[in-house]
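Listing of input.cif, mmCIF, C-alpha atoms and all ligand atoms
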```cif
data_run
#
loop_
_atom_site.label_atom_id
_atom_site.label_comp_id
_atom_site.auth_asym_id
_atom_site.auth_seq_id
_atom_site.Cartn_x
_atom_site.Cartn_y
_atom_site.Cartn_z
CA MET A 21 116.01 86.86 85.60
CA THR A 22 112.93 89.01 85.00
CA ASP A 23 113.62 92.71 84.47
CA ILE A 24 110.91 94.43 86.50
CA SER A 25 112.27 97.96 86.21
CA GLY A 26 109.33 98.86 83.93
CA PRO A 27 108.68 101.92 81.85
CA GLY A 28 109.74 104.44 84.51
CA PRO A 29 108.30 107.61 85.97
CA ALA A 30 105.69 108.04 83.22
CA THR A 31 103.60 105.22 84.80
CA PRO A 32 100.56 106.79 86.44
CA VAL A 33 100.05 106.21 90.17
CA ASP A 34 96.35 105.57 89.74
CA MET A 35 95.73 102.49 91.87
CA ALA A 36 96.66 103.83 95.26
CA GLY A 37 94.63 102.13 97.99
CA ARG A 38 93.59 99.24 95.73
CA ALA A 39 94.64 95.60 95.95
CA GLY A 40 95.52 93.07 93.28
CA LEU A 41 96.13 89.33 93.09
CA VAL A 42 98.48 87.96 90.43
CA THR A 43 98.75 84.20 90.03
CA GLY A 44 102.02 82.61 88.90
CA ALA A 45 104.07 85.66 89.78
CA SER A 46 107.46 84.49 91.06
CA ARG A 47 109.04 85.27 87.69
CA GLY A 48 108.30 86.18 84.10
CA ILE A 49 105.12 87.99 83.06
CA GLY A 50 103.39 87.56 86.43
CA LEU A 51 106.27 89.12 88.35
CA ALA A 52 106.42 92.07 85.94
CA VAL A 53 102.63 92.53 86.28
CA ALA A 54 102.92 92.53 90.07
CA ALA A 55 105.64 95.19 89.81
CA GLU A 56 103.42 97.25 87.50
CA LEU A 57 100.48 97.14 89.93
CA LEU A 58 102.79 98.15 92.78
CA ARG A 59 104.20 100.97 90.69
CA ARG A 60 100.66 102.18 90.08
CA GLY A 61 100.16 102.33 93.85
CA ALA A 62 98.26 99.09 94.53
CA SER A 63 99.09 96.44 97.10
CA VAL A 64 99.57 93.01 95.60
CA THR A 65 99.39 89.30 96.41
CA VAL A 66 101.65 87.07 94.34
CA THR A 67 101.33 83.29 94.10
CA ALA A 68 103.48 80.45 92.73
CA ARG A 69 104.03 76.80 93.58
CA LYS A 70 107.65 76.91 94.78
CA PRO A 71 108.13 78.82 98.04
CA PRO A 72 111.85 79.69 97.69
CA GLU A 73 111.41 81.38 94.30
CA LEU A 74 108.28 83.11 95.56
CA GLU A 75 110.09 84.46 98.62
CA ALA A 76 112.87 85.78 96.38
CA ALA A 77 110.27 87.45 94.15
CA VAL A 78 108.58 89.11 97.12
CA ALA A 79 111.97 90.41 98.29
CA GLU A 80 112.68 91.72 94.78
CA LEU A 81 109.31 93.47 94.61
CA VAL A 82 109.74 95.04 98.05
CA ALA A 83 113.30 96.18 97.29
CA GLY A 84 112.48 97.40 93.78
CA PRO A 85 111.52 100.90 92.71
CA ALA A 86 107.85 99.94 92.70
CA GLY A 87 107.46 98.48 96.20
CA GLY A 88 109.60 99.81 98.97
CA ASP A 89 107.05 98.73 101.57
CA ALA A 90 106.73 95.12 102.74
CA SER A 91 103.17 95.75 103.92
CA ARG A 92 102.06 96.11 100.28
CA VAL A 93 103.31 92.70 99.07
CA LEU A 94 101.97 89.31 100.14
CA GLY A 95 103.46 86.05 98.82
CA LEU A 96 101.29 82.94 99.05
CA ALA A 97 102.64 79.60 97.85
CA GLY A 98 100.07 77.42 96.11
CA ASN A 99 99.04 75.74 92.89
CA ALA A 100 96.42 77.67 90.91
CA GLY A 101 94.95 74.31 89.95
CA ASP A 102 94.10 73.44 93.59
CA ALA A 103 90.80 74.72 94.94
CA PRO A 104 92.08 75.11 98.55
CA SER A 105 95.02 77.20 97.29
CA ARG A 106 92.64 79.46 95.40
CA ASP A 107 90.40 79.84 98.48
CA ASP A 108 93.46 80.68 100.57
CA ALA A 109 94.82 83.23 98.07
CA VAL A 110 91.57 85.16 97.77
CA ALA A 111 90.63 84.97 101.45
CA ARG A 112 94.07 86.07 102.64
CA THR A 113 94.28 88.87 100.11
CA VAL A 114 91.01 90.33 101.37
CA ALA A 115 91.98 89.70 105.01
CA THR A 116 95.36 91.42 104.52
CA PHE A 117 94.49 94.34 102.26
CA GLY A 118 90.77 94.65 103.00
CA ARG A 119 89.79 94.39 99.33
CA LEU A 120 90.48 92.78 95.94
CA ASP A 121 90.12 95.16 93.01
CA VAL A 122 92.30 93.52 90.38
CA LEU A 123 92.66 89.82 89.57
CA VAL A 124 95.27 88.74 87.04
CA ASN A 125 94.94 85.08 86.01
CA ASN A 126 98.50 84.60 84.81
CA ALA A 127 99.43 81.07 85.97
CA GLY A 128 99.47 78.82 82.93
CA ILE A 129 101.07 75.53 81.99
CA ASN A 130 102.07 73.70 78.83
CA PRO A 131 103.48 70.29 79.76
CA ILE A 132 103.05 68.63 76.33
CA HIS A 133 104.48 69.25 72.89
CA GLY A 134 103.69 67.40 69.68
CA PRO A 135 100.71 66.25 67.66
CA LEU A 136 97.24 66.10 69.20
CA MET A 137 96.93 62.50 68.04
CA ALA A 138 99.67 61.56 70.47
CA ALA A 139 98.49 63.79 73.32
CA ASP A 140 98.09 62.23 76.73
CA LEU A 141 94.53 63.07 77.76
CA ASP A 142 95.37 63.39 81.45
CA ALA A 143 97.94 66.02 80.52
CA VAL A 144 95.37 67.79 78.31
CA ARG A 145 92.89 67.78 81.20
CA LYS A 146 95.57 69.28 83.44
CA ILE A 147 96.28 72.05 80.92
CA PHE A 148 92.60 72.98 80.76
CA ASP A 149 92.28 72.69 84.53
CA VAL A 150 95.06 75.20 85.26
CA ASN A 151 94.68 77.47 82.20
CA VAL A 152 90.88 77.70 82.09
CA VAL A 153 89.01 76.12 85.02
CA ALA A 154 91.32 77.64 87.65
CA ALA A 155 90.89 81.10 86.09
CA LEU A 156 87.11 80.73 86.39
CA GLY A 157 87.52 79.48 89.96
CA PHE A 158 89.52 82.58 90.88
CA VAL A 159 86.93 84.87 89.30
CA GLN A 160 84.12 83.14 91.22
CA LEU A 161 86.00 83.62 94.49
CA ALA A 162 86.95 87.23 93.75
CA HIS A 163 83.33 87.93 92.84
CA GLN A 164 82.08 86.43 96.12
CA ALA A 165 84.73 88.01 98.30
CA TRP A 166 84.80 91.55 96.94
CA MET A 167 84.09 92.35 93.32
CA GLY A 168 80.42 91.33 93.28
CA GLU A 169 79.64 94.11 95.71
CA HIS A 170 82.38 96.63 94.97
CA GLY A 171 83.38 96.04 91.36
CA GLY A 172 86.81 95.30 89.94
CA ALA A 173 88.87 94.34 86.93
CA VAL A 174 90.03 90.91 85.79
CA VAL A 175 92.79 90.37 83.24
CA ASN A 176 93.44 86.87 81.90
CA ILE A 177 96.77 86.04 80.29
CA ALA A 178 95.90 84.18 77.09
CA SER A 179 98.23 83.68 74.11
CA ILE A 180 98.54 84.19 70.39
CA ALA A 181 98.50 80.38 70.37
CA GLY A 182 94.76 80.66 71.05
CA LEU A 183 94.25 82.66 67.86
CA ARG A 184 95.90 80.54 65.21
CA SER A 185 97.34 77.08 64.79
CA THR A 186 100.63 76.33 66.45
CA ARG A 187 100.75 72.55 65.85
CA ALA A 188 103.40 71.65 68.42
CA ILE A 189 101.49 73.26 71.28
CA ALA A 190 97.94 72.72 70.04
CA ALA A 191 96.36 71.58 73.31
CA TYR A 192 97.80 74.64 75.02
CA GLY A 193 96.48 76.82 72.17
CA ALA A 194 93.02 75.30 72.52
CA SER A 195 93.07 76.07 76.26
CA LYS A 196 94.02 79.69 75.58
CA ALA A 197 91.22 79.98 72.99
CA ALA A 198 88.87 78.72 75.70
CA LEU A 199 90.27 81.32 78.10
CA MET A 200 89.52 84.08 75.57
CA ARG A 201 85.94 82.83 75.14
CA LEU A 202 85.63 82.59 78.92
CA THR A 203 86.80 86.20 79.12
CA ALA A 204 83.99 87.36 76.82
CA GLU A 205 81.36 85.29 78.64
CA LEU A 206 82.46 86.59 82.03
CA ALA A 207 82.42 90.16 80.74
CA ALA A 208 78.81 89.69 79.59
CA GLU A 209 77.80 88.18 82.94
CA LEU A 210 79.68 90.48 85.29
CA GLY A 211 79.11 93.94 83.84
CA PRO A 212 78.58 96.75 84.55
CA CYS A 213 80.76 96.82 87.69
CA ILE A 214 83.36 94.17 86.84
CA ARG A 215 85.40 94.40 83.64
CA VAL A 216 87.01 91.24 82.26
CA ASN A 217 89.67 91.35 79.57
CA ALA A 218 92.54 89.24 78.29
CA VAL A 219 95.88 89.78 76.63
CA ALA A 220 97.34 87.47 73.99
CA PRO A 221 101.13 87.71 73.77
CA ALA A 222 103.38 86.17 71.14
CA VAL A 223 106.81 85.03 72.33
CA VAL A 224 107.91 86.83 75.47
CA LYS A 225 111.39 86.16 76.80
CA THR A 226 110.69 84.08 79.90
CA ARG A 227 111.69 80.64 81.17
CA PHE A 228 108.36 79.28 79.88
CA ALA A 229 109.12 80.25 76.29
CA THR A 230 112.84 79.40 76.21
CA ALA A 231 112.32 76.43 73.88
CA LEU A 232 110.64 78.72 71.34
CA TYR A 233 113.53 81.15 70.90
CA ALA A 234 116.73 80.27 72.77
CA HIS A 235 118.15 78.24 69.87
CA ASP A 236 118.11 81.31 67.58
CA GLU A 237 116.75 84.46 69.18
CA GLU A 238 117.86 86.71 66.33
CA GLY A 239 116.29 84.46 63.72
CA VAL A 240 113.00 84.19 65.62
CA ALA A 241 112.88 87.94 66.27
CA ALA A 242 113.48 88.65 62.56
CA ARG A 243 110.00 87.24 61.80
CA TYR A 244 108.42 90.01 63.85
CA PRO A 245 107.80 93.40 62.21
CA LEU A 246 109.14 95.03 65.39
CA GLN A 247 112.27 92.84 65.11
CA ARG A 248 112.40 91.80 68.73
CA LEU A 249 110.69 89.39 71.10
CA GLY A 250 108.46 90.63 73.88
CA SER A 251 109.60 91.41 77.39
CA PRO A 252 107.56 90.77 80.55
CA ALA A 253 107.42 94.56 81.03
CA ASP A 254 105.79 94.98 77.58
CA VAL A 255 102.93 92.72 78.67
CA ALA A 256 102.79 94.20 82.17
CA SER A 257 102.19 97.73 80.93
CA LEU A 258 99.23 96.51 78.83
CA VAL A 259 97.83 94.56 81.78
CA GLY A 260 98.26 97.62 84.01
CA PHE A 261 96.32 99.71 81.51
CA LEU A 262 93.49 97.15 81.19
CA ALA A 263 93.25 96.87 84.98
CA SER A 264 93.15 100.65 85.40
CA ASP A 265 90.29 103.14 85.14
CA ALA A 266 91.84 104.38 81.89
CA ALA A 267 90.30 101.25 80.35
CA SER A 268 86.90 101.80 81.96
CA TRP A 269 84.98 101.26 78.70
CA ILE A 270 86.86 98.13 77.65
CA SER A 271 85.47 94.73 78.61
CA GLY A 272 85.25 91.29 77.02
CA GLU A 273 88.26 92.10 74.83
CA THR A 274 91.39 90.09 74.13
CA VAL A 275 94.21 92.43 73.20
CA LEU A 276 96.91 90.97 71.00
CA ILE A 277 100.46 91.98 71.96
CA ASP A 278 102.76 90.39 69.42
CA GLY A 279 105.26 92.81 67.92
CA GLY A 280 103.13 92.87 64.77
CA LEU A 281 103.52 89.13 64.10
CA LEU A 282 99.92 88.21 63.34
CA ALA A 283 99.47 91.19 61.01
CA THR A 284 102.09 89.63 58.74
CA GLY A 285 100.47 86.20 58.94
CA GLY A 286 103.80 85.12 60.39
CA SER A 287 104.30 82.23 62.74
CA ASP A 288 106.64 82.08 65.68
N1 LIG B 301 106.35 83.63 77.62
C1 LIG B 301 105.58 83.62 76.53
O1 LIG B 301 106.06 83.63 75.38
C2 LIG B 301 104.08 83.60 76.67
C3 LIG B 301 103.31 83.90 75.53
C4 LIG B 301 101.93 83.89 75.63
C5 LIG B 301 101.33 83.62 76.84
N2 LIG B 301 102.10 83.33 77.93
C6 LIG B 301 101.39 83.03 79.19
O2 LIG B 301 101.90 83.89 80.19
C7 LIG B 301 101.71 83.28 81.47
C8 LIG B 301 103.00 83.38 82.25
O3 LIG B 301 104.03 82.73 81.53
P1 LIG B 301 105.57 83.14 81.65
O4 LIG B 301 106.11 83.09 80.28
O5 LIG B 301 105.74 84.36 82.46
O6 LIG B 301 106.12 81.86 82.44
P2 LIG B 301 107.30 81.68 83.51
O7 LIG B 301 108.35 82.69 83.34
O8 LIG B 301 107.66 80.23 83.43
O9 LIG B 301 106.56 81.96 84.89
C9 LIG B 301 105.48 81.18 85.28
C10 LIG B 301 105.09 81.57 86.69
O10 LIG B 301 103.89 80.89 87.04
C11 LIG B 301 104.13 80.03 88.17
N3 LIG B 301 103.29 78.86 87.97
C12 LIG B 301 103.37 77.93 86.99
N4 LIG B 301 102.40 77.03 87.14
C13 LIG B 301 101.66 77.41 88.23
C14 LIG B 301 100.54 76.88 88.89
N5 LIG B 301 99.96 75.75 88.47
N6 LIG B 301 100.07 77.53 89.97
C15 LIG B 301 100.66 78.66 90.42
N7 LIG B 301 101.73 79.20 89.84
C16 LIG B 301 102.22 78.58 88.76
C17 LIG B 301 105.64 79.80 88.17
O11 LIG B 301 106.17 79.51 89.46
P3 LIG B 301 106.21 77.98 90.02
O12 LIG B 301 106.89 77.16 88.96
O13 LIG B 301 106.97 78.08 91.31
O14 LIG B 301 104.79 77.62 90.23
C18 LIG B 301 106.11 81.17 87.72
O15 LIG B 301 106.04 82.09 88.79
C19 LIG B 301 101.23 81.86 81.18
O16 LIG B 301 99.82 81.81 81.33
C20 LIG B 301 101.59 81.64 79.73
O17 LIG B 301 100.72 80.71 79.10
C21 LIG B 301 103.45 83.31 77.87
#
```

What do you get writing this file as structure tokens?
Ligand SMILES: NC(=O)c1ccc[n+]([C@@H]2O[C@H](COP(=O)([O-])OP(=O)(O)OC[C@H]3O[C@@H](n4cnc5c(N)ncnc54)[C@H](OP(=O)(O)O)[C@@H]3O)[C@@H](O)[C@H]2O)c1
Amino acid sequence: MTDISGPGPATPVDMAGRAGLVTGASRGIGLAVAAELLRRGASVTVTARKPPELEAAVAELVAGPAGGDASRVLGLAGNAGDAPSRDDAVARTVATFGRLDVLVNNAGINPIHGPLMAADLDAVRKIFDVNVVAALGFVQLAHQAWMGEHGGAVVNIASIAGLRSTRAIAAYGASKAALMRLTAELAAELGPCIRVNAVAPAVVKTRFATALYAHDEEGVAARYPLQRLGSPADVASLVGFLASDAASWISGETVLIDGGLLATGGSD
């Protein structure tokens, strides 16, 4: 279960009156990011494919220290890879909250492991469709619906796998590298009123990453200078910062959040 308690009272309440949309937010990093935006005072739409988990996440957000008000949380079931779902998510966010200031492209998939020479190309296409094309689709819609006229901040959830070779998950890594490049291109095209940034986490303890650490968490964590794996809240506080006005002169950047791993040349 995702711990969404967050860093506590030190979090600034600097997004009051704003609205965010976080894709893939029924658990893990997306859920923690949604909690962070709520804690900062924003209203938030959360999406995921499976309605029961999404409903539970909405209830958790509303009941948690960050929410406390059902009118500030909207759950919309849908696949980020489907254009009608994206249309629905953006349109209903603006219809419900009257605006869309923060878009967090968090939904990401990695259905294949193993060498590229054995990769199923339909699966590779699907990875790029959800991890890259869908993120662009969401930005286009957010731009049309609100940000083009009023400005905003986009944060894309990339990965350290996009920065150096990870063999077993190479197609996923290539998609995250593309997402980082897309981030920089969007920042160039959408300034000065829309900022676009990305974060690149190493292993964060979520269901998605279980196969990377569950067999030997202590051993995997020992490779990190900070001697522990990431938590969803670690990533959420960085995303909250990048989405906030405190980051108003940062755009086109991918911020590595990896417990020091890459600095050592280490691999997870
Ligand atoms: N955990 C890590 O170590 C790590 C490291 C670097 C980057 N990341 C990135 O962080 C992001 C979130 O990963 P996570 O670790 O938090 O995963 P997670 O705990 O498995 O959560 C994934 C969330 O996304 C939803 N989701 C998955 N595919 C979706 C789709 N096609 N459309 C809409 N929602 C979808 C899931 O709900 P449903 O299944 O109901 O759709 C769930 O809410 C991903 O982009 C991942 O690549 C993770």

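Considering the residues A:Ser63, A:Ser105, A:Thr43, A:Thr113 and counting only C-alpha atoms and all ligand atoms, ligand LIG 301 (chain B) has its shortest atom-to-atom contact with A:Thr43.
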
Would you give me, as CSV, each residue of segment 211-248 of chain A having an atom within 12 Å of an atom of segment 252-265 of chain A, along with its shortest atom pair and that distance in Å to one decimal, using all atoms listed in the file and sorting by chain and residue number?
```
residue,atom,partner,partner_atom,distance
A:Cys213,CA,A:Asp265,CA,11.7
A:Ile214,CA,A:Ala263,CA,10.4
A:Arg215,CA,A:Ala263,CA,8.3
A:Val216,CA,A:Ala263,CA,8.8
A:Asn217,CA,A:Leu262,CA,7.1
A:Ala218,CA,A:Val259,CA,8.3
A:Val219,CA,A:Val259,CA,7.3
A:Ala220,CA,A:Val255,CA,9.0
A:Pro221,CA,A:Val255,CA,7.2
A:Ala222,CA,A:Val255,CA,10.0
A:Val223,CA,A:Pro252,CA,10.1
A:Val224,CA,A:Pro252,CA,6.4
A:Lys225,CA,A:Pro252,CA,7.1
A:Thr226,CA,A:Pro252,CA,7.4
A:Arg227,CA,A:Pro252,CA,11.0
A:Phe228,CA,A:Pro252,CA,11.5
A:Ala229,CA,A:Pro252,CA,11.5
A:Arg248,CA,A:Asp254,CA,11.5
```

Task: Env. residues ligand LIG 301 (chain B) / 7 Å / all atoms listed in the file / as an MDAnalysis selection string - done: chainID A and resid 43:50 67:71 73:74 98:101 126:129 150:151 177:180 220:229 252

Open item on the list: Which residues are close to segment 156-159 of chain A, i.e. within 8 Å by only C-alpha atoms, leaving aside same-chain residues fewer than 5 positions away? Reply as an NGL selection string.
Closed with: :A and (103 or 106 or 110 or 123 or 125 or 174 or 202)

Open item on the list: Could you tell me how far atom CA of Val153 of chain A sits from atom CA of Ala198 of chain A, in Å to one decimal place?
Closed with: 9.7 Å

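Going from atom CA of Pro104 of chain A over to atom CA of Ala139 of chain A, you cover 28.4 Å.
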
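From atom CA of Phe117 of chain A back to atom CA of Leu94 of chain A, the distance works out to 9.3 Å.
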
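Distances to Ala109 of chain A were evaluated for A:Leu161, A:Ser25, A:Thr31, A:Val82 using only C-alpha atoms, and the minimum falls at A:Leu161.
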
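A search radius of 9 Å centred on (100.0, 110.6, 91.6), applied to all atoms listed in the file, returns the residues Pro32, Val33, Asp34, Ala36, Arg60 and Gly61 of chain A.
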
Write a file of the just-selected residues containing C-alpha atoms, as a PDB file, in the frame of the given file.
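Everything below was put into selection.pdb:
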```pdb
ATOM      1  CA  PRO A  32     100.560 106.790  86.440  1.00  0.00           C
ATOM      2  CA  VAL A  33     100.050 106.210  90.170  1.00  0.00           C
ATOM      3  CA  ASP A  34      96.350 105.570  89.740  1.00  0.00           C
ATOM      4  CA  ALA A  36      96.660 103.830  95.260  1.00  0.00           C
ATOM      5  CA  ARG A  60     100.660 102.180  90.080  1.00  0.00           C
ATOM      6  CA  GLY A  61     100.160 102.330  93.850  1.00  0.00           C
TER       7      GLY A  61
END
```

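Residue nearest Thr116 of chain A, chosen from A:Gly211, A:Pro131, A:Gly95, A:Gly285 and counting only C-alpha atoms: A:Gly95.
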
TODO: Tell me, as a ChimeraX atom specification, which residues lie within 10 Å of Leu281 of chain A, counting only C-alpha atoms; anything in the same chain fewer than 6 positions away does not count.
DONE: /A:180,222-223,241,243-247,287-288

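Of the listed residues A:Val64, A:Ala138, A:Ala191, A:Ala231, the one whose atoms come nearest to Val78 of chain A is A:Val64, with distances taken using all atoms listed in the file.
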
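Closest approach to Gln164 of chain A from the set A:Asp107, A:Asp278, A:Glu209, A:Asp149 is made by A:Asp107, with distances taken over only C-alpha atoms.
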